[in-house]
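A quick write-up on the structure given underneath.
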Amino acid sequence: MTTSQPATTADELRGVGLRVTAGRVALLETVRRGDHLGVEAIASGVRERVGQVSLQAVYEGLHALVAAGLVRRIEPPGSPARFEGRVGDNHHHLVCRSCGVLADVDCAVGHAPCLAASDDRGFAIDEAEVIYWGLCPDCSTPAVPEHRDH
């Protein structure tokens, strides 16, 4: 009896036709260990693992990973792009209007694409992108004034 080993990051890169480099491995692992990271945070994480890397190389690597379906780019209106490693399940996002925190939320009902368009106009819909806007718990809780004894 053989047991299958979980795919390594290098195996995943090869599986989608990307050349395996230390930078790409670090990039994919940084995105997956993060929480909706921006490009600067990703670059910092990659630098911690492999040393110097240009911001341009990070952008190019992210573009390749998004195109290959290993990373998802999220860009809520008015916010910089963020990246996540949760792909393939058509989940949605909550965004705080005040602090910009972003959180995953599963589909409300049904299966992908989660929502049925009122008129698909002939499109073969395979994904829906929903962004729920509001205030996160930290921003919606009124600040309690400090009590000072005089």
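We label chains A, B, ... in the order they appear in the structure tokens, count residues from 1 in each chain, and number ligands from 1 in the order shown.
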Excluding segment 98-108 of chain A and residues on its chain fewer than 2 positions from it, collect all residues at most 8 Å away from it, counting only C-alpha atoms, and give them as JSON, numbers by chain. {"A": [36, 79, 90, 91, 92, 93, 94, 95, 96, 110, 111, 114, 135, 136, 139]}
May I have the selected residues written with N, CA and C atoms, as a compact mmCIF listing (two decimals), in the first residue's frame?
# COMPACT_ATOMS: atom_id res chain seq x y z
N HIS A 36 -4.90 38.24 3.44
CA HIS A 36 -5.24 39.30 2.49
C HIS A 36 -4.15 40.38 2.46
N SER A 79 -9.51 50.64 -2.63
CA SER A 79 -8.48 49.99 -1.83
C SER A 79 -7.39 49.44 -2.73
N ASN A 90 -14.88 30.12 -4.56
CA ASN A 90 -15.79 31.22 -4.85
C ASN A 90 -16.37 31.85 -3.59
N HIS A 91 -15.52 32.02 -2.57
CA HIS A 91 -15.98 32.71 -1.36
C HIS A 91 -16.00 34.22 -1.61
N HIS A 92 -16.55 34.95 -0.67
CA HIS A 92 -16.70 36.39 -0.81
C HIS A 92 -15.95 37.09 0.31
N HIS A 93 -16.11 38.41 0.41
CA HIS A 93 -15.35 39.19 1.39
C HIS A 93 -16.19 40.24 2.09
N LEU A 94 -15.80 40.49 3.34
CA LEU A 94 -16.33 41.59 4.15
C LEU A 94 -15.24 42.64 4.21
N VAL A 95 -15.58 43.91 4.03
CA VAL A 95 -14.60 44.99 4.09
C VAL A 95 -15.11 46.07 5.04
N CYS A 96 -14.24 46.47 5.97
CA CYS A 96 -14.60 47.55 6.89
C CYS A 96 -14.39 48.89 6.21
N GLY A 110 -26.38 27.85 -1.71
CA GLY A 110 -26.15 27.13 -2.95
C GLY A 110 -24.69 26.84 -3.24
N HIS A 111 -24.44 26.60 -4.50
CA HIS A 111 -23.10 26.25 -4.96
C HIS A 111 -22.61 27.33 -5.93
N CYS A 114 -22.89 30.77 -6.49
CA CYS A 114 -23.54 31.26 -5.27
C CYS A 114 -24.76 32.12 -5.53
N LEU A 135 -18.87 48.06 8.96
CA LEU A 135 -17.87 48.35 9.97
C LEU A 135 -17.54 47.06 10.71
N CYS A 136 -16.24 46.83 10.89
CA CYS A 136 -15.80 45.65 11.64
C CYS A 136 -16.16 45.83 13.11
N CYS A 139 -14.34 48.76 14.83
CA CYS A 139 -14.74 50.11 14.41
C CYS A 139 -16.19 50.43 14.75
Spatial neighbours of Val31 of chain A, 8 Å, only C-alpha atoms, chain gap at least 3 places, as an MDAnalysis selection string: chainID A and resid 27:28 34:37 42 71 83:85
Output as a tab-separated table one row per residue of segment 47-98 of chain A within 9 Å of segment 8-16 of chain A: the closest atom pair and its distance in Å to one decimal place, counting only C-alpha atoms, sorted by chain and residue number ascending.
residue	atom	partner	partner_atom	distance
A:Leu65	CA	A:Leu13	CA	8.5
A:Ala68	CA	A:Val16	CA	6.1
A:Gly69	CA	A:Val16	CA	8.3
A:Leu70	CA	A:Glu12	CA	8.2
Å distance separating atom CA of Gln56 of chain A from atom CA of Pro77 of chain A, one decimal place: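 Spanning atom CA of Gln56 of chain A to atom CA of Pro77 of chain A is a straight-line distance of 22.9 Å.
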Between atom CA of Gly45 of chain A and atom CA of Val87 of chain A - distance in Å to one decimal: 20.3 Å
A:Arg97, A:Gly38, A:Ala117, A:Pro80: which is nearest Trp133 of chain A, counting only C-alpha atoms? A:Arg97
Could you state the separation of atom CA of Leu62 of chain A and atom CA of Val130 of chain A in Å, given to one decimal place? 22.1 Å
Residue with smallest distance to Val39 of chain A - pool A:Arg121, A:Arg72, A:Arg82, A:His63, counting only C-alpha atoms: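 Closest candidate: A:Arg82.
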Step one, run DSSP on the backbone; step two, keep only residues of chain A assigned to helix (DSSP H, G or I); then write them as a PyMOL selection string. chain A and resi 9-15+22-33+39-50+55-67+137-140
Write out as a list in words all residues of chain A that DSSP puts in strand (DSSP E) for this structure's backbone.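 Matching residues for strand (DSSP E) in chain A are Arg72, Arg73, Ile74, Arg82, Phe83, Glu84, His92, His93, Leu94, Val95, Cys96, Leu102, Ala103, Asp104, Val105, Ile131, Tyr132, Trp133 and Gly134 of chain A.
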Could you take the residues named above and write them with N, CA and C atoms, as a PDB file, in the first residue's frame?
ATOM      1  N   ARG A  72      -5.367  34.422  -5.465  1.00  0.00           N
ATOM      2  CA  ARG A  72      -6.502  35.260  -5.868  1.00  0.00           C
ATOM      3  C   ARG A  72      -6.202  36.711  -5.523  1.00  0.00           C
ATOM      4  N   ARG A  73      -6.495  37.597  -6.457  1.00  0.00           N
ATOM      5  CA  ARG A  73      -6.334  39.039  -6.263  1.00  0.00           C
ATOM      6  C   ARG A  73      -7.684  39.618  -5.906  1.00  0.00           C
ATOM      7  N   ILE A  74      -7.711  40.398  -4.842  1.00  0.00           N
ATOM      8  CA  ILE A  74      -8.931  41.070  -4.408  1.00  0.00           C
ATOM      9  C   ILE A  74      -8.640  42.558  -4.442  1.00  0.00           C
ATOM     10  N   ARG A  82      -5.063  43.308  -2.826  1.00  0.00           N
ATOM     11  CA  ARG A  82      -4.600  42.371  -1.807  1.00  0.00           C
ATOM     12  C   ARG A  82      -4.670  40.972  -2.400  1.00  0.00           C
ATOM     13  N   PHE A  83      -3.921  40.070  -1.800  1.00  0.00           N
ATOM     14  CA  PHE A  83      -3.802  38.738  -2.368  1.00  0.00           C
ATOM     15  C   PHE A  83      -4.030  37.683  -1.294  1.00  0.00           C
ATOM     16  N   GLU A  84      -4.626  36.569  -1.720  1.00  0.00           N
ATOM     17  CA  GLU A  84      -4.881  35.469  -0.792  1.00  0.00           C
ATOM     18  C   GLU A  84      -4.640  34.141  -1.484  1.00  0.00           C
ATOM     19  N   HIS A  92     -16.551  34.946  -0.668  1.00  0.00           N
ATOM     20  CA  HIS A  92     -16.698  36.386  -0.810  1.00  0.00           C
ATOM     21  C   HIS A  92     -15.947  37.092   0.308  1.00  0.00           C
ATOM     22  N   HIS A  93     -16.115  38.414   0.409  1.00  0.00           N
ATOM     23  CA  HIS A  93     -15.350  39.187   1.389  1.00  0.00           C
ATOM     24  C   HIS A  93     -16.192  40.236   2.092  1.00  0.00           C
ATOM     25  N   LEU A  94     -15.797  40.494   3.344  1.00  0.00           N
ATOM     26  CA  LEU A  94     -16.334  41.589   4.146  1.00  0.00           C
ATOM     27  C   LEU A  94     -15.240  42.641   4.210  1.00  0.00           C
ATOM     28  N   VAL A  95     -15.583  43.914   4.026  1.00  0.00           N
ATOM     29  CA  VAL A  95     -14.598  44.991   4.090  1.00  0.00           C
ATOM     30  C   VAL A  95     -15.108  46.068   5.041  1.00  0.00           C
ATOM     31  N   CYS A  96     -14.243  46.469   5.968  1.00  0.00           N
ATOM     32  CA  CYS A  96     -14.604  47.546   6.894  1.00  0.00           C
ATOM     33  C   CYS A  96     -14.391  48.894   6.209  1.00  0.00           C
ATOM     34  N   LEU A 102     -10.168  43.244   5.919  1.00  0.00           N
ATOM     35  CA  LEU A 102     -10.856  42.412   4.944  1.00  0.00           C
ATOM     36  C   LEU A 102     -10.944  41.007   5.512  1.00  0.00           C
ATOM     37  N   ALA A 103     -12.101  40.368   5.424  1.00  0.00           N
ATOM     38  CA  ALA A 103     -12.290  39.022   5.958  1.00  0.00           C
ATOM     39  C   ALA A 103     -13.058  38.171   4.958  1.00  0.00           C
ATOM     40  N   ASP A 104     -12.768  36.875   4.973  1.00  0.00           N
ATOM     41  CA  ASP A 104     -13.481  35.929   4.110  1.00  0.00           C
ATOM     42  C   ASP A 104     -14.866  35.646   4.663  1.00  0.00           C
ATOM     43  N   VAL A 105     -15.796  35.379   3.759  1.00  0.00           N
ATOM     44  CA  VAL A 105     -17.129  34.913   4.135  1.00  0.00           C
ATOM     45  C   VAL A 105     -17.548  33.903   3.066  1.00  0.00           C
ATOM     46  N   ILE A 131     -18.838  41.726  -2.452  1.00  0.00           N
ATOM     47  CA  ILE A 131     -18.135  42.392  -1.371  1.00  0.00           C
ATOM     48  C   ILE A 131     -19.188  43.007  -0.461  1.00  0.00           C
ATOM     49  N   TYR A 132     -19.161  42.584   0.786  1.00  0.00           N
ATOM     50  CA  TYR A 132     -20.051  43.146   1.790  1.00  0.00           C
ATOM     51  C   TYR A 132     -19.294  44.274   2.482  1.00  0.00           C
ATOM     52  N   TRP A 133     -19.871  45.454   2.537  1.00  0.00           N
ATOM     53  CA  TRP A 133     -19.246  46.615   3.157  1.00  0.00           C
ATOM     54  C   TRP A 133     -19.932  46.933   4.474  1.00  0.00           C
ATOM     55  N   GLY A 134     -19.165  47.393   5.435  1.00  0.00           N
ATOM     56  CA  GLY A 134     -19.729  47.790   6.722  1.00  0.00           C
ATOM     57  C   GLY A 134     -18.613  48.172   7.666  1.00  0.00           C
TER      58      GLY A 134
END
